[in-house]
Structures are given as structure tokens and as C-alpha cells.
Amino acid sequence: MSLSYRFKQHTLIISVALFLSVFGNISFFSNVLKTYPFSSTNNFFIASLFILLTSLIVLLFSLVSSRYTTKPVLIIILIASAFASYFMNSYGIVLDSDMLTNAVQTNLSESLDLLNTSLILYLLFLGLLPSYLVYKAKLSIGSLKQEVFNKLKLIVSSVVIITLTIFVFSKHYASFFREHKNLRLYTNPVFYVYSVGKNISGSIKTKESPFQHVGHDAEKSANDIDRELVIMVVGETVRADRFSLNGYHKKTNPLLEKENLISFKDMSSCGTSTAISVPCIFSKFTKDEYTKEKAHSHENVLDILSHLGVNVLWRDNNSDSKGVALRVPYEDFRTNKLNTICDTECRDEGMLVGLQEYINKQKGDILIVLHQMGNHGPAYYKRYPDKFKKFTPTCDSKNLEKCTQLQINNSYDNAIVYTDYFLAQTIKLLKNNSSKFETALLYVSDHGESLGENGIYLHGLPSIIAPKEQTHVASIFWAGKHMEVDKLKLKAKENQPVSHDNIFHILLGIFEVKTEVYDRDMDIIDYLDNG
Ligand SMILES: [Zn+2]
């Protein structure tokens with residue numbers, strides 16, 4: 001088939017912009033309609049939004065257009081926008097700068113979990129097919145002078161249209177930008193292009209900011225003579241309301257329910273993704289202060305403890321430590337090189353193998369961090385060995401849309417039953433060491449998960465629009481017989497609101513560290529003797 005047609009550069013740009021406004025912005029316009037339902041006044045405003053969005057896309061394209069760049073830029077944006085459309089329409093996910101960081105840090109097997117026929121269809125019809133047409137189009141450009149003139153004309157006219165549109169509907173836009181600015185998160189490709197820009201400028205800032213020590217005044221309390229052995233488990237994607245410890249009607253914590261432990265029923269996460277929450281948990285910065293740049297340019301609580309001679313070990317069965325364990329011993333348990341318990345995938349319990357030998361070899365205090373695979377979605381059914389298939393029927397597919405709500409819930413809950421087992425095994429290991437050490441387990445999930453509430457799935461929504469399902473996370477604390485914790489006082493705090501912000505201080509408190517960055521009020525654990 002020979003396909004050949006001539007296009008003026010601006011005609012091609014406007015055609016692609018129109019295509020994206022119509023086919024790539026279904027999520028945006030359906031969210032707009034929820035806020036501005038069809039009515040005689042709203043209809044004109046909605047039409048103006050369409051004009052505004054198209055002009056904005058034209059403006060973006062015209063800024064980077066030239067005889068050499070126009071076609072490659074259009075093709076890249078078409079393909080990226082097909083992905084964006086798929087994730088917005090199917091899972092209610094928006095591509096903000098954090099979500100893009102996640103996407104980049106996600107490994108191949110996780111990406112393959114997301115691959116399915118409807119994604120391929122999106123890619124084909126919204127990405128590859130229009131890209132092919134762009135590729136085949138012949139650009140008539142003319143002289144350099146004409147090209148520059150045409151480019152300027154396109155830039156100026158889109159700016160004029162944008163200004164006029166906003167001016168004519170100024171009343172509507174005032175409320176749109178003030179009260180409904182979250183709608184902008186759904187504009188495709190405008191918002192993710194903005195997010196990419198934000199990430200690039202962020203990483204330049206990180207490179208420029210010097211690395212800062214934290215807690216340089218830190219010292220161990222003089223009357224701390226006992227050795228501490230603490231295991232901190234960083235959970236994955238576990239919602240608080242799916243723990244039977246917190247009142248869930250299905251028995252998802254059959255083993256933990258038998259332990260004398262504290263379940264923090266109102267724990268909220270710093271972020272809604274692994275890439276934000278994990279560094280935030282270990283940093284001195286609160287949720288409000290936290291930025292990726294700050295986390296990467298400052299030491300965290302593991303560094304402070306390690307400087308004081310605590311033996312810190314990070315074992316990872318997730319993706320990696322997100323920069324937290326860069327300066328402490330780190331072991332990758334995602335392959336069968338170190339992990340001896342692998343079937344369809346390497347299991348979290350593999351991280352416990354050989355830990356006793358490690359503990360026996362150390363002198364002084366020990367902090368072991370175990371980063372779980374936990375409930376990582378959407379392939380929940382892969383997250384537990386067969387014998388943990390307690391609730392049936394399950395959703396044995398990564399394509400959640402092919403499953404019923406009951407099946408999705410069952411698979412997700414089975415993965416929690418497996419985490420219950422993993423945590424119980426961890427407590428067992430600590431109990432075996434409780435006569436020699438002051439032992440404790442601190443478990444906290446990094447974020448929650450949407451399981452279809454209001455048509456939203458997975459996680460990673462920006463904090464401002466994130467539903468509670470994504471931020472209300474499971475967390476427990478267990479202390480061994482020699483750890484002088486006031487369990488009664490602590491039990492009374494089970495319902496108190498706490499957050500990832502507290503973890504930094506809890507860890508310093510357990511190891512009896514004195515430093516100006518430690519805030520006793522943020523450390524919610526009550527100790528028996530030192531108050
Ligand atoms: Zn996560």
C-alpha cells in the first residue's frame with residue numbers, strides 16, 4: 001500500500017491535537033461532566049474547554065516543532081498518550097510526577113503484569129495507527145524563513161485563542177482553576193508533559209543540592225546496656241480495613257490474632273506509591289515537608305543508627321530500597337540467587353532464611369529491614385503460594401476487568417493471609433532471640449490500594465485526590481519479653497491517628513538514641529522505665 005499525502009506542518013500539528021482532544025481525553029471530559037453536567041450554560045463552557053485543551057496541545061507542539069522534530073515529537077506523544085489513556089480510563093490512574101517516577105522504577109515483570117489485550121488495543125488504535133499516518137505524511141515546509149514565520153504564527157494564534165477563551169468564560173474558569181483544579185490532572189498529554197518537566201527540573205535540583213548529614217549529635221543513651229534486635233517490615237499495598245485485626249469480617253489474620261501485639265488502626269501513609277512512601281518513612285521529613293529531592297539529599301534514620309554502630313541490614317523482595325539503603329548492607333531477595341523459597345516468584349518468607357545465622361554473627365544492636373512483595377497488584381493471585389488460597393473463587397488474572405468484585409477481593413485477601421503468615425514467622429524468629437535481646441517487630445505498609453471503589457483501581461493517585469483506600473494502611477507493633485514497653489498504655493493508643501511521620505522517631509526511640517532530630521511526642525511507644 002502506498003500512502004502519500006502532503007501536509008503543511010501546522011495542519012499536521014492541529015490534526016494530531018484534535019485527535020488527542022477527542023480520543024485521548026475521555027477521562028478528562030467524563031470528570032468535567034461530573035462537575036459541570038450538561039446544561040444550557042455549562043454546554044458552552046465544556047465546548048470552550050475543548051477549544052482551550054486543543055489550543056494548549058497545539059501550543060506545546062508548536063514550541064518544539066521544526067522540520068526535523070515535528071514528526072518524531074508527534075509520534076512519541078501519540079504513543080505515550082495511548083498508554084496514559086489506557087491507565088486513566090481503566091484504573092483511574094493519573095500520570096503525575098510521582099507516578100512517572102514509579103513507572104520508570106518499575107521492573108519488567110511488574111510491567112508485564114499490566115500488559116493485556118485492552119492495553120494492546122489502546123496502543124494500536126490510539127498510538128500506532130495514528131503514528132503510522134503521521135510517519136507517512138509528507139511535510140511541505142518551504143524555506144527556513146517561511147518555516148520560522150509559520151511557527152510564530154501558530155504560537156501566536158494558539159496563545160490568542162487560549163487567552164480569548166479564558167476571557168470570555170472568565171467566571172467559569174475562575175472556579176475551574178480555584179475549586180476544580182484537580183480536573184487538570186486528567187488532561188492528556190498536557191498534564192504528563194508538565195509532570196515530565198517537573199521531574200527533570202527536580203533531578204537537576206537534586207544534583208545541585210549537597211548531601212546533608214542528619215543527627216550528627218546522635219548518641220546512645222548511657223544506661224542502654226541490653227542489646228536490641230529489631231525487625232522492621234515494610235509492607236506492600238496493604239489496606240488497614242482488610243486486616244481482621246482491625247475488624248475485617250474475613251479472617252485474614254488467623255496467626256497474628258493469637259499474638260499479643262498492637263495494631264495501629266488509624267495509620268495513614270505518607271504517599272500513595274512505593275517510590276514516595278518508602279523514602280518518606282525513613283526520613284526525618286513529615287508528609288507535608290517531604291520531597292523526593294530532600295529525601296535523596298539527606299541521611300535517613302538507617303544512616304543515623306548505622307553511624308552509632310547498629311548493625312543495619314536491608315533485605316529486599318520488592319523492587320529496591322528507593323534510595324534508603326544506599327549506605328547500609330543490602331541484599332536482593334527477588335531472584336533465587338539468595339532467595340531459597342521461589343516458585344512462581346520468590347516469596348517473602350525467603351527473606352527469613354539464614355537470618356538466625358546473621359544475628360548470631362553480629363556484635364551489638366541489630367536492625368533488619370525486610371521489604372516485602374506483599375500485595376503488589378494487579379496480579380494479586382501471584383502473591384501467595386497455593387496453600388494460602390483460603391478465600392475462593394479467586395481472580396486468577398492480571399486483567400482485573402475480567403473478574404468479579406468478589407474474585408478480586410478474595411485474591412487480595414489471600415495475599416494478606418500470606419503476609420499474616422510471614423509476619424507470624426518473623427515474630428517466631430524474634431521470640432527465639434528474646435532471651436538474649438530486647439526484641440521488637442514494627443510492620444507498616446507503604447500505601448493502600450483501590451479495589452474498584454468508584455471505578456478506581458491500584459494506587460498512586462496524588463495525595464490531594466487520593467481516596468482513603470490508598471492512604472489508610474495496616475501497621476502492627478510487637479515487643480518481646482525484655483523490651484520494656486508499656487503494652488497497656490500502648491494498647492490504649494490503638495485507635496489514635498498515627499502516620500508514617502511517626503516511624504522515624506519510633507525507630508530512634510527503640511534504639512534509645514539521643515539527638516535533636518528525635519521528637520519524643522512523635523514517638524508513640526511508651527516505655528516502662530524512662531517514661
Ligand atoms: Zn508500594
# chains A, B, ... in the order shown; residues from 1 in each chain; ligands from 1
>>> closest_atom_pairs(of="chain A", to="ligand 1", cutoff="6 Å", atoms="only C-alpha atoms and all ligand atoms", output="CSV")
residue,atom,partner,partner_atom_place_in_ligand_line,distance
A:Glu236,CA,ligand 1,1 (Zn),4.7
A:Thr237,CA,ligand 1,1 (Zn),5.2
A:Ser273,CA,ligand 1,1 (Zn),5.0
A:Thr274,CA,ligand 1,1 (Zn),3.5
A:Asp446,CA,ligand 1,1 (Zn),5.4
A:His447,CA,ligand 1,1 (Zn),5.9
>>> write_last_selection(atoms="N, CA and C atoms", output="PDB file, in the first residue's frame")
ATOM      1  N   GLU A 236       3.696  -4.028  51.570  1.00  0.00           N
ATOM      2  CA  GLU A 236       3.386  -3.531  50.233  1.00  0.00           C
ATOM      3  C   GLU A 236       1.887  -3.591  49.988  1.00  0.00           C
ATOM      4  N   THR A 237       1.294  -2.409  49.733  1.00  0.00           N
ATOM      5  CA  THR A 237      -0.088  -2.337  49.233  1.00  0.00           C
ATOM      6  C   THR A 237      -1.116  -2.976  50.163  1.00  0.00           C
ATOM      7  N   SER A 273       2.358   5.713  46.809  1.00  0.00           N
ATOM      8  CA  SER A 273       3.171   4.823  45.986  1.00  0.00           C
ATOM      9  C   SER A 273       4.426   4.435  46.760  1.00  0.00           C
ATOM     10  N   THR A 274       5.038   3.330  46.333  1.00  0.00           N
ATOM     11  CA  THR A 274       6.263   2.847  46.973  1.00  0.00           C
ATOM     12  C   THR A 274       7.357   3.904  46.887  1.00  0.00           C
ATOM     13  N   ASP A 446       3.360   0.392  52.925  1.00  0.00           N
ATOM     14  CA  ASP A 446       3.790   1.651  52.297  1.00  0.00           C
ATOM     15  C   ASP A 446       2.613   2.505  51.829  1.00  0.00           C
ATOM     16  N   HIS A 447       1.546   1.878  51.384  1.00  0.00           N
ATOM     17  CA  HIS A 447       0.348   2.590  50.920  1.00  0.00           C
ATOM     18  C   HIS A 447      -0.757   1.567  50.805  1.00  0.00           C
TER      19      HIS A 447
END
>>> select_by_dssp(residues="segment 273-445 of chain A", states="alpha helix (DSSP H)", output="ChimeraX atom specification")
/A:274-282,292-297,301-307,355-361,405-432
>>> residues_around(residues="Pro130 of chain A", least_positions_apart="4", cutoff="10 Å", atoms="only C-alpha atoms", output="PyMOL selection string")
chain A and resi 16+19+74-75+78-79+124-126+134-136
>>> write_last_selection(atoms="N, CA, C and O atoms", output="PDB file, in the first residue's frame")
ATOM      1  N   VAL A  16      -3.310  16.332  14.811  1.00  0.00           N
ATOM      2  CA  VAL A  16      -2.957  15.442  15.925  1.00  0.00           C
ATOM      3  C   VAL A  16      -3.536  15.982  17.239  1.00  0.00           C
ATOM      4  O   VAL A  16      -4.052  15.216  18.060  1.00  0.00           O
ATOM      5  N   PHE A  19      -7.125  15.090  17.344  1.00  0.00           N
ATOM      6  CA  PHE A  19      -7.238  13.650  17.597  1.00  0.00           C
ATOM      7  C   PHE A  19      -7.073  13.364  19.096  1.00  0.00           C
ATOM      8  O   PHE A  19      -7.852  12.632  19.711  1.00  0.00           O
ATOM      9  N   LEU A  74       5.487  14.238  17.521  1.00  0.00           N
ATOM     10  CA  LEU A  74       4.080  13.828  17.422  1.00  0.00           C
ATOM     11  C   LEU A  74       3.934  12.329  17.690  1.00  0.00           C
ATOM     12  O   LEU A  74       3.018  11.895  18.397  1.00  0.00           O
ATOM     13  N   ILE A  75       4.855  11.549  17.127  1.00  0.00           N
ATOM     14  CA  ILE A  75       4.762  10.090  17.287  1.00  0.00           C
ATOM     15  C   ILE A  75       4.989   9.676  18.744  1.00  0.00           C
ATOM     16  O   ILE A  75       4.232   8.883  19.305  1.00  0.00           O
ATOM     17  N   LEU A  78       1.913  10.639  20.713  1.00  0.00           N
ATOM     18  CA  LEU A  78       0.757   9.779  20.414  1.00  0.00           C
ATOM     19  C   LEU A  78       0.861   8.453  21.154  1.00  0.00           C
ATOM     20  O   LEU A  78      -0.109   7.981  21.763  1.00  0.00           O
ATOM     21  N   ILE A  79       2.061   7.853  21.136  1.00  0.00           N
ATOM     22  CA  ILE A  79       2.221   6.548  21.786  1.00  0.00           C
ATOM     23  C   ILE A  79       2.124   6.692  23.308  1.00  0.00           C
ATOM     24  O   ILE A  79       1.411   5.929  23.972  1.00  0.00           O
ATOM     25  N   LEU A 124      -2.686   0.188  19.846  1.00  0.00           N
ATOM     26  CA  LEU A 124      -2.840   0.055  18.411  1.00  0.00           C
ATOM     27  C   LEU A 124      -3.636   1.228  17.827  1.00  0.00           C
ATOM     28  O   LEU A 124      -3.180   1.914  16.918  1.00  0.00           O
ATOM     29  N   PHE A 125      -4.825   1.475  18.387  1.00  0.00           N
ATOM     30  CA  PHE A 125      -5.717   2.456  17.765  1.00  0.00           C
ATOM     31  C   PHE A 125      -5.408   3.901  18.155  1.00  0.00           C
ATOM     32  O   PHE A 125      -5.594   4.811  17.358  1.00  0.00           O
ATOM     33  N   LEU A 126      -4.951   4.124  19.382  1.00  0.00           N
ATOM     34  CA  LEU A 126      -4.656   5.492  19.786  1.00  0.00           C
ATOM     35  C   LEU A 126      -3.193   5.852  19.567  1.00  0.00           C
ATOM     36  O   LEU A 126      -2.834   7.021  19.512  1.00  0.00           O
ATOM     37  N   VAL A 134       1.091   9.693  10.664  1.00  0.00           N
ATOM     38  CA  VAL A 134       1.996  10.840  10.812  1.00  0.00           C
ATOM     39  C   VAL A 134       3.323  10.540  10.105  1.00  0.00           C
ATOM     40  O   VAL A 134       3.866  11.357   9.378  1.00  0.00           O
ATOM     41  N   TYR A 135       3.794   9.318  10.318  1.00  0.00           N
ATOM     42  CA  TYR A 135       5.070   8.902   9.739  1.00  0.00           C
ATOM     43  C   TYR A 135       5.032   8.996   8.210  1.00  0.00           C
ATOM     44  O   TYR A 135       5.970   9.438   7.563  1.00  0.00           O
ATOM     45  N   LYS A 136       3.894   8.588   7.628  1.00  0.00           N
ATOM     46  CA  LYS A 136       3.764   8.558   6.167  1.00  0.00           C
ATOM     47  C   LYS A 136       3.493   9.945   5.564  1.00  0.00           C
ATOM     48  O   LYS A 136       3.660  10.152   4.365  1.00  0.00           O
TER      49      LYS A 136
END
>>> select_by_dssp(residues="segment 127-307 of chain A", states="strand (DSSP E or B)", output="PyMOL selection string")
chain A and resi 138-140+212+219-220+228-235+239+262-263+267-268+298
>>> closest_atom_pairs(of="segment 107-226 of chain A", to="segment 451-469 of chain A", cutoff="10 Å", atoms="only C-alpha atoms", output="JSON lines")
{"residue": "A:Asn182", "atom": "CA", "partner": "A:Ile465", "partner_atom": "CA", "distance": 7.3}
{"residue": "A:Leu183", "atom": "CA", "partner": "A:Ile465", "partner_atom": "CA", "distance": 9.9}
{"residue": "A:Leu185", "atom": "CA", "partner": "A:Pro462", "partner_atom": "CA", "distance": 9.1}
>>> atom_distance(atom1="atom CA of Pro279 of chain A", atom2="atom CA of Val324 of chain A")
5.8 Å
>>> decode(residues="segment 287-298 of chain A", atoms="all heavy atoms", output="PDB file, in the first residue's frame")
ATOM      1  N   LYS A 287       5.184  14.233  56.095  1.00  0.00           N
ATOM      2  CA  LYS A 287       4.461  14.155  54.818  1.00  0.00           C
ATOM      3  C   LYS A 287       4.398  15.528  54.141  1.00  0.00           C
ATOM      4  O   LYS A 287       4.577  15.642  52.932  1.00  0.00           O
ATOM      5  CB  LYS A 287       3.060  13.637  55.098  1.00  0.00           C
ATOM      6  CG  LYS A 287       2.140  13.547  53.904  1.00  0.00           C
ATOM      7  CD  LYS A 287       0.768  13.048  54.378  1.00  0.00           C
ATOM      8  CE  LYS A 287      -0.107  12.566  53.261  1.00  0.00           C
ATOM      9  NZ  LYS A 287      -0.690  13.568  52.405  1.00  0.00           N
ATOM     10  N   ASP A 288       4.142  16.578  54.951  1.00  0.00           N
ATOM     11  CA  ASP A 288       3.997  17.915  54.368  1.00  0.00           C
ATOM     12  C   ASP A 288       5.324  18.489  53.907  1.00  0.00           C
ATOM     13  O   ASP A 288       5.376  19.259  52.954  1.00  0.00           O
ATOM     14  CB  ASP A 288       3.354  18.866  55.383  1.00  0.00           C
ATOM     15  CG  ASP A 288       1.946  18.420  55.744  1.00  0.00           C
ATOM     16  OD1 ASP A 288       1.290  17.807  54.871  1.00  0.00           O
ATOM     17  OD2 ASP A 288       1.508  18.660  56.885  1.00  0.00           O
ATOM     18  N   GLU A 289       6.405  18.124  54.603  1.00  0.00           N
ATOM     19  CA  GLU A 289       7.715  18.675  54.240  1.00  0.00           C
ATOM     20  C   GLU A 289       8.391  17.875  53.134  1.00  0.00           C
ATOM     21  O   GLU A 289       9.262  18.375  52.439  1.00  0.00           O
ATOM     22  CB  GLU A 289       8.660  18.632  55.463  1.00  0.00           C
ATOM     23  CG  GLU A 289       8.227  19.441  56.650  1.00  0.00           C
ATOM     24  CD  GLU A 289       8.967  19.017  57.924  1.00  0.00           C
ATOM     25  OE1 GLU A 289       9.542  17.906  57.969  1.00  0.00           O
ATOM     26  OE2 GLU A 289       8.953  19.800  58.876  1.00  0.00           O
ATOM     27  N   TYR A 290       7.989  16.607  53.026  1.00  0.00           N
ATOM     28  CA  TYR A 290       8.727  15.663  52.192  1.00  0.00           C
ATOM     29  C   TYR A 290       8.736  16.016  50.707  1.00  0.00           C
ATOM     30  O   TYR A 290       7.718  16.361  50.137  1.00  0.00           O
ATOM     31  CB  TYR A 290       8.121  14.262  52.352  1.00  0.00           C
ATOM     32  CG  TYR A 290       8.746  13.233  51.459  1.00  0.00           C
ATOM     33  CD1 TYR A 290       9.899  12.558  51.840  1.00  0.00           C
ATOM     34  CD2 TYR A 290       8.207  12.957  50.201  1.00  0.00           C
ATOM     35  CE1 TYR A 290      10.492  11.637  51.012  1.00  0.00           C
ATOM     36  CE2 TYR A 290       8.805  12.033  49.359  1.00  0.00           C
ATOM     37  CZ  TYR A 290       9.940  11.381  49.768  1.00  0.00           C
ATOM     38  OH  TYR A 290      10.540  10.477  48.928  1.00  0.00           O
ATOM     39  N   THR A 291       9.911  15.954  50.095  1.00  0.00           N
ATOM     40  CA  THR A 291      10.016  15.920  48.636  1.00  0.00           C
ATOM     41  C   THR A 291      11.063  14.864  48.305  1.00  0.00           C
ATOM     42  O   THR A 291      11.915  14.545  49.141  1.00  0.00           O
ATOM     43  CB  THR A 291      10.485  17.255  48.014  1.00  0.00           C
ATOM     44  OG1 THR A 291      11.833  17.503  48.438  1.00  0.00           O
ATOM     45  CG2 THR A 291       9.593  18.422  48.394  1.00  0.00           C
ATOM     46  N   LYS A 292      10.991  14.372  47.099  1.00  0.00           N
ATOM     47  CA  LYS A 292      11.945  13.366  46.637  1.00  0.00           C
ATOM     48  C   LYS A 292      13.368  13.915  46.728  1.00  0.00           C
ATOM     49  O   LYS A 292      14.295  13.237  47.150  1.00  0.00           O
ATOM     50  CB  LYS A 292      11.590  13.068  45.180  1.00  0.00           C
ATOM     51  CG  LYS A 292      12.084  11.794  44.656  1.00  0.00           C
ATOM     52  CD  LYS A 292      11.380  11.478  43.336  1.00  0.00           C
ATOM     53  CE  LYS A 292      11.205  12.697  42.461  1.00  0.00           C
ATOM     54  NZ  LYS A 292      10.252  12.610  41.396  1.00  0.00           N
ATOM     55  N   GLU A 293      13.514  15.203  46.348  1.00  0.00           N
ATOM     56  CA  GLU A 293      14.840  15.825  46.340  1.00  0.00           C
ATOM     57  C   GLU A 293      15.425  15.874  47.743  1.00  0.00           C
ATOM     58  O   GLU A 293      16.597  15.554  47.950  1.00  0.00           O
ATOM     59  CB  GLU A 293      14.773  17.247  45.757  1.00  0.00           C
ATOM     60  CG  GLU A 293      14.405  17.311  44.283  1.00  0.00           C
ATOM     61  CD  GLU A 293      12.927  17.062  44.018  1.00  0.00           C
ATOM     62  OE1 GLU A 293      12.084  17.467  44.852  1.00  0.00           O
ATOM     63  OE2 GLU A 293      12.603  16.430  42.990  1.00  0.00           O
ATOM     64  N   LYS A 294      14.577  16.268  48.726  1.00  0.00           N
ATOM     65  CA  LYS A 294      15.058  16.328  50.110  1.00  0.00           C
ATOM     66  C   LYS A 294      15.479  14.941  50.591  1.00  0.00           C
ATOM     67  O   LYS A 294      16.511  14.788  51.241  1.00  0.00           O
ATOM     68  CB  LYS A 294      13.948  16.850  51.024  1.00  0.00           C
ATOM     69  CG  LYS A 294      13.775  18.353  51.006  1.00  0.00           C
ATOM     70  CD  LYS A 294      12.779  18.717  52.106  1.00  0.00           C
ATOM     71  CE  LYS A 294      12.257  20.117  51.960  1.00  0.00           C
ATOM     72  NZ  LYS A 294      11.032  20.312  52.762  1.00  0.00           N
ATOM     73  N   ALA A 295      14.658  13.929  50.270  1.00  0.00           N
ATOM     74  CA  ALA A 295      14.963  12.575  50.739  1.00  0.00           C
ATOM     75  C   ALA A 295      16.305  12.107  50.181  1.00  0.00           C
ATOM     76  O   ALA A 295      17.102  11.494  50.885  1.00  0.00           O
ATOM     77  CB  ALA A 295      13.855  11.611  50.334  1.00  0.00           C
ATOM     78  N   HIS A 296      16.565  12.430  48.916  1.00  0.00           N
ATOM     79  CA  HIS A 296      17.802  11.944  48.307  1.00  0.00           C
ATOM     80  C   HIS A 296      19.031  12.724  48.750  1.00  0.00           C
ATOM     81  O   HIS A 296      20.144  12.228  48.615  1.00  0.00           O
ATOM     82  CB  HIS A 296      17.679  11.937  46.787  1.00  0.00           C
ATOM     83  CG  HIS A 296      16.784  10.846  46.289  1.00  0.00           C
ATOM     84  ND1 HIS A 296      17.057   9.515  46.513  1.00  0.00           N
ATOM     85  CD2 HIS A 296      15.599  10.879  45.638  1.00  0.00           C
ATOM     86  CE1 HIS A 296      16.084   8.775  46.012  1.00  0.00           C
ATOM     87  NE2 HIS A 296      15.178   9.578  45.474  1.00  0.00           N
ATOM     88  N   SER A 297      18.827  13.930  49.258  1.00  0.00           N
ATOM     89  CA  SER A 297      19.992  14.717  49.645  1.00  0.00           C
ATOM     90  C   SER A 297      20.200  14.744  51.163  1.00  0.00           C
ATOM     91  O   SER A 297      21.035  15.495  51.653  1.00  0.00           O
ATOM     92  CB  SER A 297      19.867  16.140  49.093  1.00  0.00           C
ATOM     93  OG  SER A 297      18.704  16.734  49.597  1.00  0.00           O
ATOM     94  N   HIS A 298      19.442  13.931  51.902  1.00  0.00           N
ATOM     95  CA  HIS A 298      19.621  13.886  53.366  1.00  0.00           C
ATOM     96  C   HIS A 298      19.789  12.448  53.844  1.00  0.00           C
ATOM     97  O   HIS A 298      19.167  11.537  53.293  1.00  0.00           O
ATOM     98  CB  HIS A 298      18.397  14.486  54.078  1.00  0.00           C
ATOM     99  CG  HIS A 298      18.335  15.975  54.027  1.00  0.00           C
ATOM    100  ND1 HIS A 298      17.905  16.649  52.907  1.00  0.00           N
ATOM    101  CD2 HIS A 298      18.669  16.920  54.935  1.00  0.00           C
ATOM    102  CE1 HIS A 298      17.958  17.955  53.138  1.00  0.00           C
ATOM    103  NE2 HIS A 298      18.434  18.152  54.362  1.00  0.00           N
TER     104      HIS A 298
END
